[in-house]
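Inspection log for the structure reproduced underneath, given as structure tokens.
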Amino acid sequence: MSVLIWSLGAALAADWVMLQGTEPATTTEPAAARAWGFVQPLAETVVGGEPVTGLTADSLLDFNGERANFNRVGSGDATLGFSIRRARFGFRGTIPGVDGRVNWLLGAEVGQNALTRIDPIVLTDASVTVAVAPGLNVRVGQFKLPLGEEALEMNPIAAEFVSVSNVTGQLLNENPSSGGAYTAGVSGFRDVGIQAFDSFTLGQGSLTYALMLSNGGMGALDTDNAKDLSGRLTWAPFVWGEPDAAIRDELSLYAFWLEGQRDVDGVEARRTRRGAGVQLERQGLHARAEVIQGVGAIELGANPPFPGQPVVVAAEGEAAGLNVFVHHQPGPIGAGLRYDGLWRLVDSPTDLRVFHTVTADVQLQMSPKARVMLDYERRWLLAPGASADAQAIAATMGDRVSLQLVAVF
């Protein structure tokens with residue numbers, strides 16, 4: 001990202017729609033191209049998470065003595081592991097000779113994560129933005145959808161916790177699959193399309209809108225005429241500093257919505273995602289509350305949740321959840337606490353799964369471009385109306401400890 005972004009350190013509040021889609025104003029000729037990137041080495045372990053025992057169904061007997069996927073690190077049997085979770089690099093800049101009205105962004109991921117599940121190198125961002133007129137910027141290419149704050153924010157400089165919440169990860173991220181197998185990496189909250197957006201000063205605050213028409217699938221040519229329509233509106237009634245500054249202390253409220261269509265193994269499913277939130281960033285204090293609802297094309301992961309089992313997506317069904325956190329960073333050392341909950345397939349008592357996670361976080365900001373994050377996640381998984389076997393599997397969910405270094409350039 002730009003030198004301006006990286007020089008300000010972590011845990012930022014920002015108008016992410018504007019910050020990621022435009023280049024900062026400058027009194028000199030904007031740079032035609034400049035490099036950006038970050039790397040996130042990760043060590044993680046599962047605490048508890050014992051192998052499943054007592055399964056009685058004939059189809060599950062072979063899994064007695066096995067650990068469920070949520071109690072493993074990586075794709076093997078390990079419960080302790082090290083990885084380069086993210087390693088992303090790219091270039092961005094402004095086309096010379098057009099008074100800063102046209103800018104571009106390229107980025108690629110080479111880390112060990114769900115983005116690179118199929119291919120070791122994945123193009124994450126490739127976009128061009130044109131300032132068409134006052135009140136209208138147009139961005140085309142592949143980039144982040146205008147969804148929830150946790151999905152939209154720049155992870156290396158703004159994420160307060162190592163892992164995204166269950167509700168954001170399961171409802172807003174998308175894992176393409178067919179016939180029980182993944183066909184591509186996770187979307188990373190991205191799609192290919194065209195977006196209209198801009199921000200306006202409103203009193204001592206600002207109002208930002210974004211409206212996007214997209215393919216409904218990242219990284220590939222579209223195969224049908226079905227398109228996703230998504231949008232987001234953010235109102236910051238209080239901005240401490242310049243109201244038109246993209247990076248600022250603020251109190252903001254936002255809402256978002258996405259509607260699209262998916263082929264779920266031959267079944268046409270309507271995929272709807274909507275949500276809203278409120279956020280405060282002020283003098284090192286960062287707090288947020290966000291609610292998200294999903295209808296249709298609900299991803300359930302491997303079923304049963306063991307390695308090698310088929311991936312399942314529910315064409316119909318509803319899910320909802322929330323995440324609430326507070327984080328305080330008065331100096332180099334900061335700490336935070338988050339609760340996130342997800343109620344998946346609430347319309348089917350036997351299929352309902354409830355995820356509760358409380359995360360305690362400690363951070364050390366070593367420099368404006370490097371920090372260490374230590375998270376302890378206390379995790380619960382409930383299957384209140386399911387079979388005894390399903391409840392036995394859910395009851396084994398262990399806690400997770402993550403230690404991550406974040407370095408940006």
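Each chain in the structure tokens gets a letter, A, B, ..., in the order shown, and its residues are numbered from 1; ligands are numbered from 1 in order too.
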Give me, as a tab-separated table, each residue of stretch 86-177 of chain A that comes within 8 Å of stretch 266-285 of chain A, together with its shortest interatomic pair and the distance in Å at one decimal, counting only C-alpha atoms, with rows ordered by chain and rising residue number.
```
residue	atom	partner	partner_atom	distance
A:Gly148	CA	A:Gly275	CA	7.0
A:Glu149	CA	A:Gly277	CA	7.9
A:Leu171	CA	A:Arg273	CA	7.4
A:Leu172	CA	A:Arg273	CA	7.3
```
Taking the DSSP assignment computed from this structure's backbone, write out as a short mmCIF file (atom, residue, chain, number, x, y, z; two decimals) with N, CA and C atoms, in the first residue's frame all residues of stretch 74-313 of chain A that belong to helix (DSSP H, G or I).
```
data_model
loop_
_atom_site.label_atom_id
_atom_site.label_comp_id
_atom_site.auth_asym_id
_atom_site.auth_seq_id
_atom_site.Cartn_x
_atom_site.Cartn_y
_atom_site.Cartn_z
N ALA A 114 -6.04 -20.17 2.99
CA ALA A 114 -7.12 -20.68 2.13
C ALA A 114 -7.13 -20.04 0.75
N LEU A 115 -6.55 -18.84 0.61
CA LEU A 115 -6.46 -18.24 -0.72
C LEU A 115 -5.62 -19.10 -1.66
N THR A 116 -4.56 -19.69 -1.14
CA THR A 116 -3.63 -20.48 -1.96
C THR A 116 -3.91 -21.98 -1.82
N GLU A 149 -17.07 -4.28 8.06
CA GLU A 149 -15.82 -3.60 8.37
C GLU A 149 -14.66 -4.57 8.52
N GLU A 150 -14.90 -5.70 9.19
CA GLU A 150 -13.83 -6.68 9.40
C GLU A 150 -13.37 -7.27 8.08
N ALA A 151 -14.30 -7.43 7.13
CA ALA A 151 -13.94 -7.97 5.82
C ALA A 151 -13.24 -6.93 4.96
N LEU A 152 -13.62 -5.67 5.11
CA LEU A 152 -13.12 -4.62 4.23
C LEU A 152 -11.80 -4.03 4.67
N ASN A 155 -6.05 -5.94 6.65
CA ASN A 155 -5.71 -6.80 7.78
C ASN A 155 -4.39 -6.45 8.45
N PRO A 156 -3.28 -6.26 7.73
CA PRO A 156 -2.00 -6.09 8.43
C PRO A 156 -1.89 -4.82 9.25
N ILE A 157 -2.65 -3.81 8.92
CA ILE A 157 -2.52 -2.55 9.66
C ILE A 157 -3.72 -2.23 10.53
N ALA A 158 -4.81 -2.98 10.39
CA ALA A 158 -6.02 -2.61 11.12
C ALA A 158 -6.62 -3.72 11.96
N ASN A 166 -15.93 -15.78 13.51
CA ASN A 166 -16.65 -16.85 12.81
C ASN A 166 -17.72 -16.31 11.88
N VAL A 167 -18.45 -15.28 12.33
CA VAL A 167 -19.54 -14.79 11.50
C VAL A 167 -19.03 -14.15 10.22
N THR A 168 -17.92 -13.40 10.30
CA THR A 168 -17.35 -12.83 9.09
C THR A 168 -16.74 -13.91 8.20
N GLY A 169 -15.98 -14.81 8.81
CA GLY A 169 -15.31 -15.83 8.02
C GLY A 169 -16.26 -16.78 7.33
N GLN A 170 -17.34 -17.17 8.00
CA GLN A 170 -18.24 -18.17 7.42
C GLN A 170 -19.33 -17.58 6.53
N LEU A 171 -19.75 -16.34 6.80
CA LEU A 171 -20.84 -15.79 6.01
C LEU A 171 -20.39 -14.85 4.90
#
```
> For A:Gly260, which residue among A:Leu300, A:Leu221, A:Ala68, A:Leu213 is the nearest when counting only C-alpha atoms?
Replying inline: A:Leu213
> Taking the backbone alone, and naming residues the way the document does, which bits of stretch 281-362 of chain A are strand (DSSP E or B) by DSSP, as number ranges by chain?
Replying inline: A: 281-282, 285-295, 298-302, 311-314, 318-328, 333-344, 353-362
>> As an exercise, work out the distance from atom CA of A:Gly216 to atom CA of A:Ser178 in Å and give it to one decimal place.
In response: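 A separation of 15.1 Å between them.
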If we count only C-alpha atoms, what is near A:Asp375 at a cut-off of 6 Å, once residues fewer than 6 positions away on the same chain are taken out, given as a compact mmCIF listing (two decimals) with N, CA and C atoms, in the first residue's frame?
```
# COMPACT_ATOMS: atom_id res chain seq x y z
N ALA A 360 -9.01 -13.17 23.84
CA ALA A 360 -8.20 -12.19 24.55
C ALA A 360 -6.93 -11.96 23.74
N ASP A 361 -6.57 -10.70 23.57
CA ASP A 361 -5.45 -10.34 22.68
C ASP A 361 -4.50 -9.38 23.39
N VAL A 401 -4.48 -21.00 20.53
CA VAL A 401 -3.53 -19.95 20.86
C VAL A 401 -2.75 -19.60 19.60
N SER A 402 -2.67 -18.31 19.29
CA SER A 402 -1.99 -17.86 18.07
C SER A 402 -0.99 -16.77 18.41
```
